[in-house]
Structure formats: C-alpha cells, structure tokens
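Quick look at final22.pdb (PDB, C-alpha atoms and all ligand atoms):
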```pdb
ATOM      1  CA  MET A   1       8.051 -18.319  24.594
ATOM      2  CA  SER A   2       9.998 -21.125  22.938
ATOM      3  CA  SER A   3      13.587 -21.429  24.198
ATOM      4  CA  ASP A   4      14.973 -23.340  21.200
ATOM      5  CA  ARG A   5      15.221 -20.118  19.287
ATOM      6  CA  GLU A   6      18.504 -18.838  17.937
ATOM      7  CA  PHE A   7      18.050 -15.450  19.675
ATOM      8  CA  VAL A   8      16.692 -14.474  23.082
ATOM      9  CA  PHE A   9      13.159 -13.148  22.464
ATOM     10  CA  THR A  10      11.088 -12.573  25.607
ATOM     11  CA  ALA A  11       7.436 -11.597  26.062
ATOM     12  CA  ASN A  12       8.729  -8.143  27.007
ATOM     13  CA  ASP A  13      10.619  -7.917  23.716
ATOM     14  CA  PHE A  14       7.455  -8.783  21.813
ATOM     15  CA  SER A  15       5.460  -6.116  23.730
ATOM     16  CA  HIS A  16       8.209  -3.615  22.963
ATOM     17  CA  VAL A  17       7.976  -4.429  19.221
ATOM     18  CA  GLN A  18       4.158  -4.150  19.398
ATOM     19  CA  GLN A  19       4.413  -0.693  20.963
ATOM     20  CA  LEU A  20       7.055   0.607  18.552
ATOM     21  CA  ILE A  21       5.233  -0.479  15.370
ATOM     22  CA  TYR A  22       1.886   0.747  16.708
ATOM     23  CA  ASP A  23       3.278   4.174  17.621
ATOM     24  CA  HIS A  24       5.146   4.571  14.351
ATOM     25  CA  ALA A  25       2.859   2.976  11.762
ATOM     26  CA  GLY A  26      -0.465   2.315  13.499
ATOM     27  CA  ILE A  27      -0.039  -1.416  12.942
ATOM     28  CA  SER A  28      -1.662  -3.528  15.685
ATOM     29  CA  LEU A  29       0.162  -6.835  16.096
ATOM     30  CA  SER A  30      -1.724  -9.524  17.990
ATOM     31  CA  ALA A  31       0.016 -12.152  20.109
ATOM     32  CA  GLN A  32      -0.618 -14.699  17.315
ATOM     33  CA  LYS A  33       1.985 -12.801  15.297
ATOM     34  CA  THR A  34       4.798 -13.594  17.754
ATOM     35  CA  ASP A  35       6.472 -16.239  15.574
ATOM     36  CA  LEU A  36       6.106 -14.121  12.460
ATOM     37  CA  VAL A  37       7.670 -11.099  14.178
ATOM     38  CA  TYR A  38      10.483 -13.284  15.497
ATOM     39  CA  SER A  39      11.314 -14.753  12.106
ATOM     40  CA  ARG A  40      11.181 -11.434  10.282
ATOM     41  CA  LEU A  41      13.316  -9.547  12.795
ATOM     42  CA  ALA A  42      15.712 -12.465  13.376
ATOM     43  CA  LYS A  43      17.044 -11.730   9.869
ATOM     44  CA  ARG A  44      17.980  -8.226  11.023
ATOM     45  CA  LEU A  45      19.731  -9.556  14.147
ATOM     46  CA  ARG A  46      21.700 -12.024  12.008
ATOM     47  CA  LYS A  47      22.677  -9.278   9.595
ATOM     48  CA  LEU A  48      23.786  -6.973  12.418
ATOM     49  CA  LYS A  49      25.441  -9.862  14.322
ATOM     50  CA  ILE A  50      23.342  -9.144  17.417
ATOM     51  CA  HIS A  51      22.311 -12.063  19.675
ATOM     52  CA  ARG A  52      19.470 -10.676  21.761
ATOM     53  CA  PHE A  53      16.303  -8.844  20.841
ATOM     54  CA  ASP A  54      16.625  -6.397  23.729
ATOM     55  CA  THR A  55      20.022  -5.290  22.370
ATOM     56  CA  TYR A  56      18.478  -4.885  18.909
ATOM     57  CA  LEU A  57      15.476  -2.931  20.202
ATOM     58  CA  LYS A  58      17.767  -0.602  22.178
ATOM     59  CA  ILE A  59      19.115   0.662  18.836
ATOM     60  CA  LEU A  60      15.617   1.929  18.037
ATOM     61  CA  ASP A  61      15.650   4.247  21.079
ATOM     62  CA  ASP A  62      17.285   6.649  18.647
ATOM     63  CA  VAL A  63      14.320   7.684  16.482
ATOM     64  CA  HIS A  64      16.679   8.835  13.715
ATOM     65  CA  HIS A  65      18.641   5.577  13.554
ATOM     66  CA  PRO A  66      18.716   4.134   9.977
ATOM     67  CA  GLU A  67      17.683   0.725  11.405
ATOM     68  CA  TRP A  68      14.173   2.145  11.809
ATOM     69  CA  GLU A  69      13.600   1.854   8.068
ATOM     70  CA  GLU A  70      14.660  -1.820   8.110
ATOM     71  CA  PHE A  71      12.541  -2.506  11.193
ATOM     72  CA  ILE A  72       9.430  -1.051   9.519
ATOM     73  CA  ASN A  73      10.114  -2.782   6.196
ATOM     74  CA  ALA A  74      10.510  -6.112   8.017
ATOM     75  CA  LEU A  75       7.163  -5.828   9.776
ATOM     76  CA  THR A  76       4.851  -4.713   6.971
ATOM     77  CA  THR A  77       2.771  -7.278   5.095
ATOM     78  CA  ASN A  78       2.867  -6.566   1.389
ATOM     79  CA  LEU A  79       0.589  -9.165  -0.193
ATOM     80  CA  THR A  80      -0.917  -7.833  -3.433
ATOM     81  CA  SER A  81      -1.557  -8.792  -7.054
ATOM     82  CA  PHE A  82      -2.590  -7.337 -10.400
ATOM     83  CA  PHE A  83      -6.340  -6.617 -10.569
ATOM     84  CA  ARG A  84      -6.870  -7.955  -7.044
ATOM     85  CA  GLU A  85     -10.604  -7.553  -6.253
ATOM     86  CA  ALA A  86     -11.314  -7.055  -9.944
ATOM     87  CA  HIS A  87     -14.753  -5.490  -9.422
ATOM     88  CA  HIS A  88     -13.042  -2.312  -8.127
ATOM     89  CA  PHE A  89     -11.392  -1.742 -11.504
ATOM     90  CA  LYS A  90     -14.706  -2.188 -13.349
ATOM     91  CA  ARG A  91     -16.209   0.358 -10.940
ATOM     92  CA  LEU A  92     -13.297   2.733 -11.570
ATOM     93  CA  SER A  93     -13.868   2.534 -15.313
ATOM     94  CA  GLN A  94     -17.637   3.129 -14.970
ATOM     95  CA  HIS A  95     -17.016   6.095 -12.661
ATOM     96  CA  LEU A  96     -14.554   7.676 -15.091
ATOM     97  CA  LYS A  97     -16.971   7.246 -18.017
ATOM     98  CA  ALA A  98     -19.886   8.685 -16.019
ATOM     99  CA  HIS A  99     -18.100  11.660 -14.426
ATOM    100  CA  PHE A 100     -14.795  12.373 -16.144
ATOM    101  CA  SER A 101     -15.287  11.766 -19.856
ATOM    102  CA  ARG A 102     -14.231  15.368 -20.508
ATOM    103  CA  ALA A 103     -11.078  15.334 -18.393
ATOM    104  CA  THR A 104      -8.026  16.875 -20.033
ATOM    105  CA  THR A 105      -4.302  16.579 -19.385
ATOM    106  CA  LYS A 106      -4.428  20.186 -18.077
ATOM    107  CA  ASP A 107      -7.209  19.247 -15.667
ATOM    108  CA  PRO A 108      -6.639  15.531 -15.098
ATOM    109  CA  VAL A 109      -8.478  13.077 -12.880
ATOM    110  CA  LYS A 110      -6.463  12.651  -9.694
ATOM    111  CA  ILE A 111      -6.212   9.231  -8.112
ATOM    112  CA  TRP A 112      -4.331   8.284  -4.945
ATOM    113  CA  CYS A 113      -3.332   4.708  -4.255
ATOM    114  CA  ALA A 114      -2.495   4.958  -0.551
ATOM    115  CA  ALA A 115      -0.894   1.568   0.197
ATOM    116  CA  SER A 116       0.581   0.651  -3.142
ATOM    117  CA  SER A 117       2.928  -2.109  -1.981
ATOM    118  CA  THR A 118       5.038  -3.528  -4.860
ATOM    119  CA  GLY A 119       3.062  -1.644  -7.540
ATOM    120  CA  GLU A 120       0.544  -4.158  -8.878
ATOM    121  CA  GLU A 121      -2.367  -2.041  -7.613
ATOM    122  CA  PRO A 122      -1.343   1.364  -9.069
ATOM    123  CA  TYR A 123      -0.348  -0.321 -12.339
ATOM    124  CA  SER A 124      -3.774  -2.004 -12.470
ATOM    125  CA  ILE A 125      -5.316   1.448 -11.981
ATOM    126  CA  ALA A 126      -3.117   2.869 -14.754
ATOM    127  CA  MET A 127      -4.023   0.010 -17.144
ATOM    128  CA  THR A 128      -7.709   0.514 -16.355
ATOM    129  CA  VAL A 129      -7.596   4.237 -17.098
ATOM    130  CA  ALA A 130      -5.602   3.697 -20.298
ATOM    131  CA  THR A 131      -8.219   1.169 -21.443
ATOM    132  CA  THR A 132     -11.110   3.438 -20.431
ATOM    133  CA  TYR A 133      -9.769   6.444 -22.358
ATOM    134  CA  GLY A 134      -8.506   4.256 -25.192
ATOM    135  CA  LYS A 135      -4.945   5.610 -25.079
ATOM    136  CA  LEU A 136      -1.637   5.203 -23.276
ATOM    137  CA  THR A 137      -1.708   8.897 -22.367
ATOM    138  CA  PRO A 138      -5.059   9.281 -20.561
ATOM    139  CA  PRO A 139      -5.870  12.526 -18.669
ATOM    140  CA  VAL A 140      -5.164  10.954 -15.293
ATOM    141  CA  LYS A 141      -2.493  11.409 -12.633
ATOM    142  CA  ILE A 142      -1.885   8.693 -10.086
ATOM    143  CA  LEU A 143      -0.058   9.139  -6.795
ATOM    144  CA  ALA A 144       1.079   5.827  -5.311
ATOM    145  CA  THR A 145       2.404   5.777  -1.756
ATOM    146  CA  ASP A 146       3.493   3.249   0.829
ATOM    147  CA  LEU A 147       5.374   3.267   4.104
ATOM    148  CA  ASP A 148       7.765   0.470   3.117
ATOM    149  CA  THR A 149      10.751   1.707   1.097
ATOM    150  CA  ASN A 150      11.650  -1.766  -0.254
ATOM    151  CA  VAL A 151       8.271  -2.272  -1.897
ATOM    152  CA  LEU A 152       8.361   1.246  -3.325
ATOM    153  CA  GLU A 153      11.675   0.486  -4.998
ATOM    154  CA  LYS A 154      10.236  -2.649  -6.606
ATOM    155  CA  ALA A 155       7.129  -0.702  -7.656
ATOM    156  CA  ARG A 156       9.210   2.029  -9.306
ATOM    157  CA  CYS A 157      11.148  -0.601 -11.289
ATOM    158  CA  GLY A 158       7.915  -2.112 -12.578
ATOM    159  CA  VAL A 159       9.597  -5.461 -13.287
ATOM    160  CA  TYR A 160       7.646  -8.629 -12.420
ATOM    161  CA  HIS A 161       7.964 -12.337 -12.867
ATOM    162  CA  ILE A 162       5.928 -13.420 -15.877
ATOM    163  CA  ASP A 163       3.749 -15.645 -13.617
ATOM    164  CA  ASN A 164       2.463 -12.493 -11.877
ATOM    165  CA  ILE A 165       0.601 -11.470 -15.006
ATOM    166  CA  ASP A 166      -0.745 -14.880 -16.000
ATOM    167  CA  LYS A 167      -4.341 -13.884 -15.220
ATOM    168  CA  LEU A 168      -4.216 -10.845 -17.527
ATOM    169  CA  SER A 169      -5.647 -11.135 -21.028
ATOM    170  CA  ALA A 170      -3.321 -11.544 -24.015
ATOM    171  CA  LEU A 171      -4.287  -8.031 -25.083
ATOM    172  CA  GLN A 172      -3.393  -6.514 -21.706
ATOM    173  CA  LYS A 173      -0.027  -8.314 -21.707
ATOM    174  CA  GLU A 174       0.722  -7.092 -25.209
ATOM    175  CA  ARG A 175      -0.432  -3.499 -24.622
ATOM    176  CA  PHE A 176       1.010  -2.805 -21.205
ATOM    177  CA  PHE A 177       4.165  -4.922 -20.783
ATOM    178  CA  LEU A 178       7.520  -5.436 -22.452
ATOM    179  CA  LYS A 179       9.011  -8.929 -22.374
ATOM    180  CA  GLY A 180      12.431  -9.270 -20.784
ATOM    181  CA  THR A 181      15.256 -10.848 -22.742
ATOM    182  CA  GLY A 182      18.683 -12.219 -21.780
ATOM    183  CA  GLY A 183      19.165 -11.819 -18.023
ATOM    184  CA  GLN A 184      15.583 -10.538 -17.732
ATOM    185  CA  SER A 185      13.957 -13.443 -19.529
ATOM    186  CA  GLY A 186      11.002 -14.829 -17.575
ATOM    187  CA  HIS A 187      10.251 -11.272 -16.485
ATOM    188  CA  VAL A 188       8.135  -8.460 -17.873
ATOM    189  CA  MET A 189       8.399  -4.699 -17.461
ATOM    190  CA  VAL A 190       5.499  -2.260 -17.359
ATOM    191  CA  ARG A 191       5.624  -0.041 -20.442
ATOM    192  CA  PRO A 192       7.133   3.410 -19.799
ATOM    193  CA  GLU A 193       3.912   5.205 -20.874
ATOM    194  CA  ILE A 194       1.987   3.393 -18.133
ATOM    195  CA  LYS A 195       4.755   4.032 -15.597
ATOM    196  CA  SER A 196       4.735   7.723 -16.407
ATOM    197  CA  LEU A 197       1.130   8.054 -15.212
ATOM    198  CA  ILE A 198       2.274   7.254 -11.677
ATOM    199  CA  THR A 199       4.369   9.112  -9.098
ATOM    200  CA  PHE A 200       5.679   6.862  -6.321
ATOM    201  CA  ASN A 201       6.419   8.433  -2.920
ATOM    202  CA  GLN A 202       6.941   7.207   0.593
ATOM    203  CA  LEU A 203       4.099   8.210   2.902
ATOM    204  CA  ASN A 204       3.179   6.997   6.366
ATOM    205  CA  LEU A 205      -0.609   7.145   6.692
ATOM    206  CA  LEU A 206      -0.104   7.777  10.408
ATOM    207  CA  ALA A 207       2.206  10.780   9.974
ATOM    208  CA  ASP A 208       1.921  14.127   8.158
ATOM    209  CA  TRP A 209       0.913  13.868   4.513
ATOM    210  CA  PRO A 210       3.087  16.015   2.252
ATOM    211  CA  ILE A 211       0.294  16.236  -0.319
ATOM    212  CA  LYS A 212      -0.978  19.309  -2.143
ATOM    213  CA  GLY A 213      -4.528  19.424  -3.448
ATOM    214  CA  THR A 214      -7.335  16.883  -3.371
ATOM    215  CA  PHE A 215      -8.247  13.684  -5.210
ATOM    216  CA  ASP A 216     -11.211  12.398  -7.181
ATOM    217  CA  ILE A 217     -10.648   8.783  -6.174
ATOM    218  CA  ILE A 218      -8.684   7.169  -3.344
ATOM    219  CA  PHE A 219      -7.765   3.492  -3.215
ATOM    220  CA  CYS A 220      -6.822   2.463   0.319
ATOM    221  CA  ARG A 221      -7.172  -1.284   0.244
ATOM    222  CA  ASN A 222      -6.134  -3.959   2.708
ATOM    223  CA  VAL A 223      -4.115  -1.720   4.994
ATOM    224  CA  MET A 224      -6.672  -0.296   7.423
ATOM    225  CA  ILE A 225      -7.292  -3.873   8.503
ATOM    226  CA  TYR A 226      -3.958  -3.649  10.361
ATOM    227  CA  PHE A 227      -5.120  -0.549  12.299
ATOM    228  CA  ASP A 228      -7.403  -0.445  15.337
ATOM    229  CA  LYS A 229     -10.845   1.206  15.142
ATOM    230  CA  PRO A 230      -9.829   4.637  16.599
ATOM    231  CA  THR A 231      -6.899   4.820  14.146
ATOM    232  CA  GLN A 232      -9.154   3.816  11.235
ATOM    233  CA  TYR A 233     -11.619   6.530  12.180
ATOM    234  CA  GLN A 234      -8.923   9.239  12.409
ATOM    235  CA  LEU A 235      -7.674   8.151   9.015
ATOM    236  CA  LEU A 236     -11.143   8.267   7.451
ATOM    237  CA  GLU A 237     -11.647  11.800   8.775
ATOM    238  CA  LYS A 238      -8.322  12.772   7.214
ATOM    239  CA  PHE A 239      -9.174  11.090   3.902
ATOM    240  CA  SER A 240     -12.427  13.053   3.795
ATOM    241  CA  LYS A 241     -10.387  16.278   3.662
ATOM    242  CA  TYR A 242      -8.361  15.011   0.703
ATOM    243  CA  LEU A 243     -11.238  13.581  -1.327
ATOM    244  CA  ASN A 244     -13.551  15.772  -3.396
ATOM    245  CA  LYS A 245     -17.285  15.611  -2.684
ATOM    246  CA  GLY A 246     -18.808  12.691  -4.568
ATOM    247  CA  GLY A 247     -15.354  11.124  -4.834
ATOM    248  CA  LEU A 248     -14.782   7.402  -4.321
ATOM    249  CA  LEU A 249     -12.944   5.785  -1.442
ATOM    250  CA  ILE A 250     -12.217   2.198  -2.414
ATOM    251  CA  VAL A 251     -11.234  -0.145   0.437
ATOM    252  CA  GLY A 252     -10.355  -3.813   0.856
ATOM    253  CA  HIS A 253     -12.728  -6.782   0.871
ATOM    254  CA  SER A 254     -12.807  -7.173   4.661
ATOM    255  CA  GLU A 255     -12.841  -3.491   5.566
ATOM    256  CA  SER A 256     -16.058  -1.764   6.598
ATOM    257  CA  PHE A 257     -16.644   1.583   8.304
ATOM    258  CA  PRO A 258     -20.249   2.105   9.411
ATOM    259  CA  GLU A 259     -18.982   4.479  12.140
ATOM    260  CA  ALA A 260     -17.991   7.025   9.460
ATOM    261  CA  SER A 261     -21.319   7.000   7.602
ATOM    262  CA  HIS A 262     -21.690  10.789   8.064
ATOM    263  CA  ILE A 263     -18.615  11.356   5.876
ATOM    264  CA  PHE A 264     -18.578   8.241   3.691
ATOM    265  CA  LYS A 265     -21.756   6.723   2.323
ATOM    266  CA  ILE A 266     -21.410   3.044   1.387
ATOM    267  CA  ASP A 267     -22.170   2.515  -2.280
ATOM    268  CA  LYS A 268     -21.607  -1.184  -2.849
ATOM    269  CA  GLN A 269     -18.945  -3.842  -2.499
ATOM    270  CA  THR A 270     -16.508  -1.829  -0.367
ATOM    271  CA  VAL A 271     -16.827   1.350  -2.408
ATOM    272  CA  TYR A 272     -17.622   4.469  -0.376
ATOM    273  CA  ILE A 273     -18.728   7.875  -1.649
ATOM    274  CA  ARG A 274     -17.589  11.091   0.018
ATOM    275  CA  CYS A 275     -20.750  12.838   1.305
TER     276      CYS A 275
HETATM  277  C1  LIG B 301      -1.413  -6.047   2.354
HETATM  278  S1  LIG B 301      -0.651  -4.726   1.512
HETATM  279  C2  LIG B 301      -1.989  -4.159   0.471
HETATM  280  C3  LIG B 301      -1.500  -3.738  -0.889
HETATM  281  C4  LIG B 301      -2.581  -3.269  -1.858
HETATM  282  N1  LIG B 301      -3.253  -2.083  -1.357
HETATM  283  C5  LIG B 301      -3.585  -4.368  -2.140
HETATM  284  O1  LIG B 301      -4.709  -4.312  -1.602
HETATM  285  O2  LIG B 301      -3.275  -5.296  -2.884
HETATM  286  C6  LIG B 301      -0.577  -3.462   2.782
HETATM  287  C7  LIG B 301       0.418  -2.337   2.489
HETATM  288  O3  LIG B 301       0.209  -1.281   3.434
HETATM  289  C8  LIG B 301       1.469  -0.722   3.755
HETATM  290  N2  LIG B 301       1.375  -0.025   5.061
HETATM  291  C9  LIG B 301       1.288  -0.563   6.307
HETATM  292  N3  LIG B 301       1.216   0.400   7.235
HETATM  293  C10 LIG B 301       1.255   1.579   6.565
HETATM  294  C11 LIG B 301       1.218   2.935   6.969
HETATM  295  N4  LIG B 301       1.158   3.290   8.262
HETATM  296  N5  LIG B 301       1.281   3.892   6.013
HETATM  297  C12 LIG B 301       1.347   3.552   4.694
HETATM  298  N6  LIG B 301       1.392   2.291   4.252
HETATM  299  C13 LIG B 301       1.346   1.314   5.173
HETATM  300  C14 LIG B 301       2.412  -1.917   3.776
HETATM  301  O4  LIG B 301       3.755  -1.538   3.612
HETATM  302  C15 LIG B 301       1.874  -2.758   2.623
HETATM  303  O5  LIG B 301       2.573  -2.532   1.432
END
```
Written as structure tokens, how would this file's structure read?
Amino acid sequence: MSSDREFVFTANDFSHVQQLIYDHAGISLSAQKTDLVYSRLAKRLRKLKIHRFDTYLKILDDVHHPEWEEFINALTTNLTSFFREAHHFKRLSQHLKAHFSRATTKDPVKIWCAASSTGEEPYSIAMTVATTYGKLTPPVKILATDLDTNVLEKARCGVYHIDNIDKLSALQKERFFLKGTGGQSGHVMVRPEIKSLITFNQLNLLADWPIKGTFDIIFCRNVMIYFDKPTQYQLLEKFSKYLNKGGLLIVGHSESFPEASHIFKIDKQTVYIRC
C-alpha cells in the first residue's frame, strides 16, 4: 500500500476494517475500496489525533465504544435522490389504487423504507401516497430506517438544497415543500404534513429488528448490493416474515434474487411479490 499517506495503513489494517464492517453491518468491502476506506477513516484519525490505523482500530475492540457509531457512519455509502428509479413510484401508486383504495387512518397501509439514507426515498414515497389519495393526510404509515445515524438526522430535518428538487414538477414543489428564507434561503423544507407520515428509526438490517406487525410494501433499494449472497438470502427470508402475502418488495436497479423465487415472485422491473 502507498507509503506517502499521512497515516500508517497496512494491508492488515484494511483486512481488519473489512472484517469489522462485515460482522457488524454485512457490508462486503472489496480491495478496490482501499483508498476510499483510507480517506473516510483518515478523517476520524485526524479528529481523534491518532497517527496509526492499528491504534484507531484497537479502540473498536470495545464493542460499546462510542467510536463505533462514527466508524459505521464513515463507511456507509448514502447516495440517493428524490424519485430515484421513478418507475417504482408509479408502481406504488398503481398498487395502492388497485388494492388499498378503501384504506382508512384506523387501518392504514403500512410501508417500510428499509435503507432510507438522507430521506429523499421515504419523502418520495410520502409524496406519492399523498398524490394517490389526493390529500396531505392519506391513510398510510411509513417507517423509514437506516443504520447510519448521521443520515437519519438529516432525513428527520427534511431540509434540502433547492437543487435537490430541481427535477420535481412545479406542482410537487409547491404542494410538498416550504421555501427557506433568510439563513435558509436556497433551501427547502418538506411540509410538516408530509413529514408526519413518516417515523424515522435507526435499524441495522443485520441485527434484531425492533418492529411490531407486518407491512404491505417494503422498499429495500440499493443496499443489498453491498451484502454477499448468503447475507442477501438471510435478509430476504426475514423480509418474507414481515411482508404480508401479495405484498411488494421493491429493490434497486441492479439487485436480483432468483434464489429466493419460492418466497418472492419477480413481477417486473425489480418489483417482487411475496408468494
Ligand atoms: C446507497 S444508499 C441507498 C438509499 C436509498 N435506498 C436509495 O436507493 O436511494 C444505502 C443505504 O443503506 C444503508 N445501510 C448500509 N448497511 C446497512 C445495514 N446493515 N442496515 C441498514 N442500513 C444499511 C446506508 O447507511 C445507506 O444509507
């Protein structure tokens, strides 16, 4: 490994990081990620005034050490956007019209967004359901979870740079966002009615799920790609217990699970139906 680095980072250190993140979060880091891992964790070493990776990694021997949260947050990849893979939101709307037109606030449609990152995905779900039911108080409850506590904080705030919503229609901008003024100018905030449809919680897909009840629809997009096949399969089996029969499991554009066809039947374009 390159020796002109600011901190000592050996092949052993990289293997140690690989093992820790795999055991804790299921994330498989390939050797091509060495530079990325170095640059993300180097920020932590600088902050803690530590000069060697082995010294830093020793801290993580204590599984309850607060640095664990920072370590995890540094290594997750949080790329997302509003209405990413737009066909999924059209499908969501069609599914709601076909199967849940009689839903009520007492018996709402339950949707889980299982890797919600900075919030663009659950807010896109919330905007879609509000549009489908024609009101800001649709009979839908959304649970949005992620492992990374930093992204959850941003998601809960619901404040975005105005450029992040440039692909939305004028009507969507007007209906679902408030324009920032003064110190917040150049930013928008998701309207409180839309926010109130969503509960944000931290949840590690690889650990116990503190969830009661089942869902009608689960979005789990662009996260399983970071897991190896056995981990993906375990997760799919677990999802099948939390998704009602006939419910939708919506995954990312490059995710495909033919090995789980006895529990999830492929519908089309990365939408699976619980058998
Ligand atoms: C690339 S983003 C995808 C965001 C969004 N689902 C989308 O498709 O636009 C992946 C997200 O998965 C989260 N993640 C990674 N490992 C996780 C785990 N073990 N449990 C829960 N979330 C995890 C990351 O923190 C990150 O926010």
Taking the file as I've supplied it (selection: the PyMOL selection byres (((chain A and resi 107) around 12) and not hetatm)), which residues are included? Please answer as a list of chain:residue names.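 Checked against the file, the PyMOL selection byres (((chain A and resi 107) around 12) and not hetatm) matches A:Phe100, A:Ser101, A:Arg102, A:Ala103, A:Thr104, A:Thr105, A:Lys106, A:Pro108, A:Val109, A:Lys110, A:Pro138, A:Pro139, A:Val140, A:Lys141, A:Phe215, A:Asp216.
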Same residues, C-alpha atoms, output as an mmCIF file, in the coordinates of the input:
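Saved to result34.cif:
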```cif
data_model
loop_
_atom_site.group_PDB
_atom_site.id
_atom_site.type_symbol
_atom_site.label_atom_id
_atom_site.label_comp_id
_atom_site.auth_asym_id
_atom_site.auth_seq_id
_atom_site.Cartn_x
_atom_site.Cartn_y
_atom_site.Cartn_z
ATOM 1 C CA PHE A 100 -14.795 12.373 -16.144
ATOM 2 C CA SER A 101 -15.287 11.766 -19.856
ATOM 3 C CA ARG A 102 -14.231 15.368 -20.508
ATOM 4 C CA ALA A 103 -11.078 15.334 -18.393
ATOM 5 C CA THR A 104 -8.026 16.875 -20.033
ATOM 6 C CA THR A 105 -4.302 16.579 -19.385
ATOM 7 C CA LYS A 106 -4.428 20.186 -18.077
ATOM 8 C CA PRO A 108 -6.639 15.531 -15.098
ATOM 9 C CA VAL A 109 -8.478 13.077 -12.880
ATOM 10 C CA LYS A 110 -6.463 12.651 -9.694
ATOM 11 C CA PRO A 138 -5.059 9.281 -20.561
ATOM 12 C CA PRO A 139 -5.870 12.526 -18.669
ATOM 13 C CA VAL A 140 -5.164 10.954 -15.293
ATOM 14 C CA LYS A 141 -2.493 11.409 -12.633
ATOM 15 C CA PHE A 215 -8.247 13.684 -5.210
ATOM 16 C CA ASP A 216 -11.211 12.398 -7.181
#
```
Given the file shown, determine the residues that the PyMOL selection byres (((chain A and resi 275) around 9) and not hetatm) selects; report them as a VMD selection string. chain A and resid 240 245 to 247 261 to 265 273 to 274
As an mmCIF file with C-alpha atoms, in the frame of the given file, please: the residues near range 267-271 of chain A (cut-off 12 Å, all atoms listed in the file, same-chain neighbours under 2 positions excluded).
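Now in selection11.cif:
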```
data_model
loop_
_atom_site.group_PDB
_atom_site.id
_atom_site.type_symbol
_atom_site.label_atom_id
_atom_site.label_comp_id
_atom_site.auth_asym_id
_atom_site.auth_seq_id
_atom_site.Cartn_x
_atom_site.Cartn_y
_atom_site.Cartn_z
ATOM 1 C CA GLU A 85 -10.604 -7.553 -6.253
ATOM 2 C CA ALA A 86 -11.314 -7.055 -9.944
ATOM 3 C CA HIS A 87 -14.753 -5.490 -9.422
ATOM 4 C CA HIS A 88 -13.042 -2.312 -8.127
ATOM 5 C CA PHE A 89 -11.392 -1.742 -11.504
ATOM 6 C CA LYS A 90 -14.706 -2.188 -13.349
ATOM 7 C CA ARG A 91 -16.209 0.358 -10.940
ATOM 8 C CA LEU A 92 -13.297 2.733 -11.570
ATOM 9 C CA HIS A 95 -17.016 6.095 -12.661
ATOM 10 C CA ILE A 217 -10.648 8.783 -6.174
ATOM 11 C CA ILE A 218 -8.684 7.169 -3.344
ATOM 12 C CA PHE A 219 -7.765 3.492 -3.215
ATOM 13 C CA CYS A 220 -6.822 2.463 0.319
ATOM 14 C CA ARG A 221 -7.172 -1.284 0.244
ATOM 15 C CA ASN A 222 -6.134 -3.959 2.708
ATOM 16 C CA GLY A 246 -18.808 12.691 -4.568
ATOM 17 C CA GLY A 247 -15.354 11.124 -4.834
ATOM 18 C CA LEU A 248 -14.782 7.402 -4.321
ATOM 19 C CA LEU A 249 -12.944 5.785 -1.442
ATOM 20 C CA ILE A 250 -12.217 2.198 -2.414
ATOM 21 C CA VAL A 251 -11.234 -0.145 0.437
ATOM 22 C CA GLY A 252 -10.355 -3.813 0.856
ATOM 23 C CA HIS A 253 -12.728 -6.782 0.871
ATOM 24 C CA SER A 254 -12.807 -7.173 4.661
ATOM 25 C CA GLU A 255 -12.841 -3.491 5.566
ATOM 26 C CA SER A 256 -16.058 -1.764 6.598
ATOM 27 C CA PHE A 257 -16.644 1.583 8.304
ATOM 28 C CA PRO A 258 -20.249 2.105 9.411
ATOM 29 C CA SER A 261 -21.319 7.000 7.602
ATOM 30 C CA PHE A 264 -18.578 8.241 3.691
ATOM 31 C CA LYS A 265 -21.756 6.723 2.323
ATOM 32 C CA ILE A 273 -18.728 7.875 -1.649
ATOM 33 C CA ARG A 274 -17.589 11.091 0.018
ATOM 34 C CA CYS A 275 -20.750 12.838 1.305
#
```
Contact check, chain A to ligand LIG 301 (chain B), at most 7 Å, counting all atoms listed in the file, closest pairs as JSON lines:
```
{"residue": "A:Ala25", "atom": "CA", "partner": "B:LIG301", "partner_atom": "N4", "distance": 3.9}
{"residue": "A:Gly26", "atom": "CA", "partner": "B:LIG301", "partner_atom": "N4", "distance": 5.6}
{"residue": "A:Ile27", "atom": "CA", "partner": "B:LIG301", "partner_atom": "N3", "distance": 6.1}
{"residue": "A:Asn73", "atom": "CA", "partner": "B:LIG301", "partner_atom": "O4", "distance": 7.0}
{"residue": "A:Thr76", "atom": "CA", "partner": "B:LIG301", "partner_atom": "O4", "distance": 4.8}
{"residue": "A:Thr77", "atom": "CA", "partner": "B:LIG301", "partner_atom": "C1", "distance": 5.2}
{"residue": "A:Asn78", "atom": "CA", "partner": "B:LIG301", "partner_atom": "S1", "distance": 4.0}
{"residue": "A:Leu79", "atom": "CA", "partner": "B:LIG301", "partner_atom": "C1", "distance": 4.5}
{"residue": "A:Thr80", "atom": "CA", "partner": "B:LIG301", "partner_atom": "O2", "distance": 3.5}
{"residue": "A:Ser81", "atom": "CA", "partner": "B:LIG301", "partner_atom": "O2", "distance": 5.7}
{"residue": "A:Arg84", "atom": "CA", "partner": "B:LIG301", "partner_atom": "O2", "distance": 6.1}
{"residue": "A:Ala114", "atom": "CA", "partner": "B:LIG301", "partner_atom": "C12", "distance": 6.7}
{"residue": "A:Ala115", "atom": "CA", "partner": "B:LIG301", "partner_atom": "O3", "distance": 4.5}
{"residue": "A:Ser116", "atom": "CA", "partner": "B:LIG301", "partner_atom": "N1", "distance": 5.0}
{"residue": "A:Ser117", "atom": "CA", "partner": "B:LIG301", "partner_atom": "O5", "distance": 3.5}
{"residue": "A:Thr118", "atom": "CA", "partner": "B:LIG301", "partner_atom": "O5", "distance": 6.8}
{"residue": "A:Glu121", "atom": "CA", "partner": "B:LIG301", "partner_atom": "O2", "distance": 5.8}
{"residue": "A:Thr145", "atom": "CA", "partner": "B:LIG301", "partner_atom": "C12", "distance": 6.9}
{"residue": "A:Asp146", "atom": "CA", "partner": "B:LIG301", "partner_atom": "N6", "distance": 4.1}
{"residue": "A:Leu147", "atom": "CA", "partner": "B:LIG301", "partner_atom": "C12", "distance": 4.1}
{"residue": "A:Asp148", "atom": "CA", "partner": "B:LIG301", "partner_atom": "O4", "distance": 4.5}
{"residue": "A:Val151", "atom": "CA", "partner": "B:LIG301", "partner_atom": "O5", "distance": 6.6}
{"residue": "A:Leu203", "atom": "CA", "partner": "B:LIG301", "partner_atom": "C12", "distance": 5.7}
{"residue": "A:Asn204", "atom": "CA", "partner": "B:LIG301", "partner_atom": "N5", "distance": 3.7}
{"residue": "A:Leu205", "atom": "CA", "partner": "B:LIG301", "partner_atom": "N5", "distance": 3.8}
{"residue": "A:Leu206", "atom": "CA", "partner": "B:LIG301", "partner_atom": "N4", "distance": 5.1}
{"residue": "A:Cys220", "atom": "CA", "partner": "B:LIG301", "partner_atom": "N1", "distance": 6.0}
{"residue": "A:Arg221", "atom": "CA", "partner": "B:LIG301", "partner_atom": "N1", "distance": 4.3}
{"residue": "A:Asn222", "atom": "CA", "partner": "B:LIG301", "partner_atom": "O1", "distance": 4.6}
{"residue": "A:Val223", "atom": "CA", "partner": "B:LIG301", "partner_atom": "C6", "distance": 4.5}
{"residue": "A:Gly252", "atom": "CA", "partner": "B:LIG301", "partner_atom": "O1", "distance": 6.2}
```
Determine the residue set returned by the PyMOL selection byres (((chain A and resi 68) around 12) and not hetatm) for the present structure, and present it as a ChimeraX atom specification. /A:17,20-21,24-25,41,44,56-67,69-75,147-149
